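Content type compact mmCIF, C-alpha atoms, from the file upload10.txt:
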# COMPACT_ATOMS: atom_id res chain seq x y z
CA MET T 1 76.83 63.33 -62.14
CA ARG T 2 73.47 64.62 -63.36
CA ALA T 3 72.68 61.31 -65.13
CA ALA T 4 73.47 59.34 -61.95
CA PHE T 5 71.17 61.62 -59.95
CA ASP T 6 68.36 61.30 -62.52
CA CYS T 7 68.64 57.49 -62.44
CA ALA T 8 68.62 57.43 -58.63
CA ALA T 9 65.65 59.81 -58.53
CA PHE T 10 63.77 57.66 -61.05
CA LEU T 11 64.36 54.50 -59.02
CA LEU T 12 63.22 56.33 -55.89
CA LEU T 13 60.02 57.32 -57.69
CA CYS T 14 59.54 53.72 -58.87
CA THR T 15 59.76 52.37 -55.34
CA ALA T 16 57.95 55.23 -53.57
CA PRO T 17 54.50 53.55 -53.66
CA PHE T 18 55.97 50.64 -51.71
CA ALA T 19 57.88 52.62 -49.08
CA HIS T 20 54.88 53.14 -46.80
CA SER T 21 53.78 49.49 -46.90
CA HIS T 22 57.17 47.91 -46.13
CA ALA T 23 56.85 45.79 -49.27
CA PHE T 24 60.50 44.70 -49.21
CA PRO T 25 61.29 42.72 -46.05
CA LYS T 26 64.43 41.15 -47.60
CA PRO T 27 66.96 43.14 -49.62
CA ALA T 28 65.76 43.58 -53.17
CA LEU T 29 68.65 45.14 -55.01
CA ASP T 30 67.51 45.71 -58.56
CA VAL T 31 64.28 46.80 -60.16
CA LEU T 32 63.59 44.57 -63.17
CA LEU T 33 60.11 45.66 -64.22
CA GLN T 34 57.59 48.29 -63.18
CA VAL T 35 53.95 48.37 -64.23
CA ARG T 36 51.61 51.30 -63.53
CA LEU T 37 47.99 50.25 -63.03
CA SER T 38 44.62 51.91 -62.54
CA SER T 39 41.62 50.58 -60.64
CA VAL T 40 43.81 48.08 -58.78
CA ASN T 41 42.09 45.32 -56.82
CA SER T 42 45.06 44.06 -54.79
CA ASP T 43 43.42 40.82 -53.68
CA ALA T 44 42.36 39.85 -57.21
CA LEU T 45 45.80 40.81 -58.56
CA GLN T 46 47.55 38.69 -55.92
CA ASP T 47 45.33 35.70 -56.79
CA TRP T 48 46.10 36.26 -60.48
CA LEU T 49 49.85 36.35 -59.75
CA ARG T 50 49.72 33.14 -57.71
CA ARG T 51 48.07 31.37 -60.67
CA ARG T 52 50.82 32.34 -63.14
CA PRO T 53 52.61 29.25 -64.49
CA PHE T 54 56.13 30.40 -63.51
CA ALA T 55 57.44 26.82 -63.46
CA ALA T 56 56.36 26.32 -67.09
CA VAL T 57 58.55 29.26 -68.15
CA LEU T 58 61.68 27.62 -66.70
CA PRO T 59 60.90 23.89 -66.46
CA ILE T 60 64.48 22.91 -65.51
CA GLN T 61 64.81 25.54 -62.74
CA PRO T 62 63.31 24.39 -59.43
CA MET T 63 61.39 27.25 -57.83
CA LEU T 64 59.07 28.05 -54.99
CA VAL T 65 56.24 30.57 -55.37
CA GLN T 66 54.97 32.04 -52.10
CA ALA T 67 52.68 34.93 -51.23
CA LEU T 68 54.33 37.81 -49.37
CA GLN T 69 53.49 38.04 -45.68
CA PRO T 70 50.63 40.43 -44.81
CA PRO T 71 50.28 43.40 -44.85
CA GLN T 72 52.40 43.14 -48.01
CA GLN T 73 50.84 41.84 -51.19
CA GLY T 74 52.51 40.03 -54.06
CA VAL T 75 54.63 36.92 -54.48
CA ASP T 76 58.21 35.76 -54.10
CA VAL T 77 59.45 33.41 -56.83
CA THR T 78 62.51 31.82 -55.23
CA PHE T 79 64.97 29.79 -57.29
CA ARG T 80 65.95 26.57 -55.50
CA ARG T 81 68.96 24.27 -55.60
CA LYS T 82 70.15 21.20 -53.75
CA PRO T 83 71.73 22.52 -50.54
CA SER T 84 75.35 21.77 -49.77
CA SER T 85 77.69 22.58 -46.91
CA GLU T 86 78.80 25.73 -48.78
CA LYS T 87 75.46 26.86 -50.20
CA GLY T 88 71.90 26.88 -48.92
CA ALA T 89 68.75 25.88 -50.80
CA GLN T 90 67.87 29.39 -52.01
CA ASP T 91 69.49 30.60 -55.26
CA GLY T 92 68.07 34.10 -55.74
CA GLY T 93 64.75 34.82 -57.41
CA ILE T 94 62.34 37.65 -58.06
CA ARG T 95 59.82 39.50 -55.90
CA ILE T 96 56.60 40.80 -57.44
CA ALA T 97 55.14 43.40 -55.09
CA ILE T 98 51.74 45.03 -55.46
CA GLY T 99 51.59 48.71 -54.57
CA HIS T 100 48.76 51.24 -54.46
CA ASP T 101 48.84 51.76 -58.24
CA SER T 102 51.70 49.61 -59.47
CA LEU T 103 53.36 46.25 -59.73
CA LEU T 104 57.10 46.18 -59.07
CA VAL T 105 59.35 43.22 -59.96
CA THR T 106 62.72 43.20 -58.21
CA ARG T 107 65.68 40.84 -57.99
CA ILE T 108 66.25 38.77 -54.85
CA SER T 109 69.99 38.26 -54.60
CA GLU T 110 69.95 36.27 -51.37
CA GLY T 111 71.81 32.97 -51.87
CA GLN T 112 72.71 33.78 -55.46
CA TYR T 113 76.31 32.88 -56.38
CA THR T 114 75.99 33.23 -60.16
CA SER T 115 73.91 35.59 -62.27
CA LYS T 116 70.33 34.51 -62.91
CA ALA T 117 69.81 37.14 -65.63
CA PHE T 118 68.46 34.62 -68.16
CA SER T 119 65.90 33.26 -65.70
CA GLU T 120 64.92 36.74 -64.50
CA ARG T 121 64.50 37.95 -68.08
CA ALA T 122 62.39 34.91 -69.02
CA LEU T 123 60.07 35.42 -66.04
CA CYS T 124 59.72 39.16 -66.72
CA ARG T 125 58.86 38.50 -70.37
CA SER T 126 56.26 35.98 -69.24
CA ILE T 127 54.73 38.53 -66.87
CA VAL T 128 54.63 41.19 -69.62
CA ARG T 129 52.99 38.72 -72.01
CA ASP T 130 50.43 37.67 -69.36
CA LEU T 131 49.62 41.31 -68.54
CA GLU T 132 48.16 41.66 -72.05
CA SER T 133 45.26 39.52 -70.86
CA LEU T 134 45.01 40.88 -67.30
CA PRO T 135 41.42 40.41 -66.09
CA ALA T 136 39.50 43.67 -65.67
CA GLU T 137 38.79 42.92 -61.99
CA CYS T 138 42.57 43.06 -61.27
CA GLY T 139 43.08 46.50 -62.79
CA GLU T 140 44.14 48.09 -66.05
CA VAL T 141 47.72 48.46 -67.30
CA LEU T 142 48.59 52.11 -67.94
CA ALA T 143 52.36 51.94 -68.51
CA LEU T 144 55.18 49.44 -68.34
CA VAL T 145 58.94 49.91 -67.91
CA ASP T 146 60.98 46.77 -68.59
CA PHE T 147 64.52 47.39 -67.33
CA LEU T 148 65.71 44.12 -68.93
CA ALA T 149 64.25 44.79 -72.39
CA GLY T 150 67.58 45.81 -73.89
CA GLY T 151 69.33 42.61 -72.86

Here is a file; write its structure as structure tokens.
Amino acid sequence: MRAAFDCAAFLLLCTAPFAHSHAFPKPALDVLLQVRLSSVNSDALQDWLRRRPFAAVLPIQPMLVQALQPPQQGVDVTFRRKPSSEKGAQDGGIRIAIGHDSLLVTRISEGQYTSKAFSERALCRSIVRDLESLPAECGEVLALVDFLAGG
């Protein structure tokens, strides 16, 4: 029981910076990656995120990268598929939200019928790798928690 409480408390702490800004308009069920930053310039960080070559990480997976609607900051990377009568065009994805002092990557399960763990892991690894060369005007990485690192 104690371990379950500690995990829930930790996830609450991870998402606390985003609670006041309504950073999650659609259900985001799982936290995949959290990055603590200092000296965050949200506009510069959002521009940097939008320039990431997400499609190059998964060249076979069609995807759509869109900025979150203001006042939120960050991007949605939505996996796409050919729509059918049973399934729509969206096939899950990830949301990268910018908070006051952090970057939070969460799973978007909407439209997802099968696990996208491989794709999510590949995108998170790409983000971690790109953060090593984060421009100073975006902020400085203080700490990183990769919840997919073990898999």

What is the atom CA of Ser126 of chain T to atom CA of Ala56 of chain T distance in Å?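 Result for atom CA of Ser126 of chain T versus atom CA of Ala56 of chain T: 9.9 Å, one decimal.
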
Leaving out Gln66 of chain T and any residue of its chain fewer than 4 positions from it, which residues lie within 7 Å of it when counting all atoms listed in the file, given as a ChimeraX atom specification? /T:75-77

Can I get the selection written as a PDB file, keeping the file's coordinate frame, with C-alpha atoms?
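Listed below is the output, part.pdb:
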ATOM      1  CA  VAL T  75      54.630  36.920 -54.480  1.00  0.00           C
ATOM      2  CA  ASP T  76      58.210  35.760 -54.100  1.00  0.00           C
ATOM      3  CA  VAL T  77      59.450  33.410 -56.830  1.00  0.00           C
TER       4      VAL T  77
END

In Å, how far is it from atom CA of Ile94 of chain T to atom CA of Glu120 of chain T? 7.0 Å

Near Val31 of chain T, within 7 Å and counting all atoms listed in the file, which residues show up once chain neighbours fewer than 3 positions away are dropped, as JSON, numbers by chain? {"T": [105, 106, 107]}

Mind giving me the straight-line distance from atom CA of Glu137 of chain T to atom CA of Arg95 of chain T in Å, one decimal? 22.2 Å

Around (43.1, 52.4, -65.1) in the file's frame, which residues reach within 9 Å when counting all atoms listed in the file? Return as number ranges by chain? T: 36-40, 101, 139-142

Using only C-alpha atoms, give me every residue within 8 Å of (42.5, 42.6, -59.4) in file coordinates, as an NGL selection string. :T and (40-48 or 135-139)

Close residues, Arg129 of chain T itself excluded, 12 Å, all atoms listed in the file, min 5 positions apart in chain, as a list in words: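 Once the nearby chain positions are removed, what remains is Arg52, Val57, Ala122, Leu123, Cys124, Leu134, Leu144 and Asp146 of chain T.
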
Restricted to C-alpha atoms, what would the selected residues look like written as a compact mmCIF listing (two decimals), in the frame of the given file?
# COMPACT_ATOMS: atom_id res chain seq x y z
CA ARG T 52 50.82 32.34 -63.14
CA VAL T 57 58.55 29.26 -68.15
CA ALA T 122 62.39 34.91 -69.02
CA LEU T 123 60.07 35.42 -66.04
CA CYS T 124 59.72 39.16 -66.72
CA LEU T 134 45.01 40.88 -67.30
CA LEU T 144 55.18 49.44 -68.34
CA ASP T 146 60.98 46.77 -68.59

Would you please work out which residue, of T:Ile98, T:Asp30, T:Asp91, T:Glu86, is nearest to Ala67 of chain T when using all atoms listed in the file? T:Ile98

Please determine, counting only C-alpha atoms, which residue among T:Lys116, T:Ser102, T:Ser109, T:Pro59 has the shortest atom-to-atom distance to Ala143 of chain T.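 When distances to Ala143 of chain T are compared using only C-alpha atoms, the smallest one comes from T:Ser102.
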
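Checking T:Ile60, T:Leu68, T:Ala89, T:Leu32 one by one against Glu110 of chain T, counting all atoms listed in the file, you find the shortest gap at T:Ala89.
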
Using the file's own x, y and z axes, what box holds all listed atoms of segment 128-142 of chain T with 3 Å on each side, keeping edges along x, y and z, and what are its centre and edge lengths in Å to one decimal, as AutoDock Vina command-line options?
--center_x 46.7 --center_y 44.9 --center_z -66.7 --size_x 21.8 --size_y 20.4 --size_z 16.8

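Proximity of T:Gly92, T:Ser119, T:Pro53, T:Arg125 to Val145 of chain T, computed with all atoms listed in the file, is greatest for T:Arg125.
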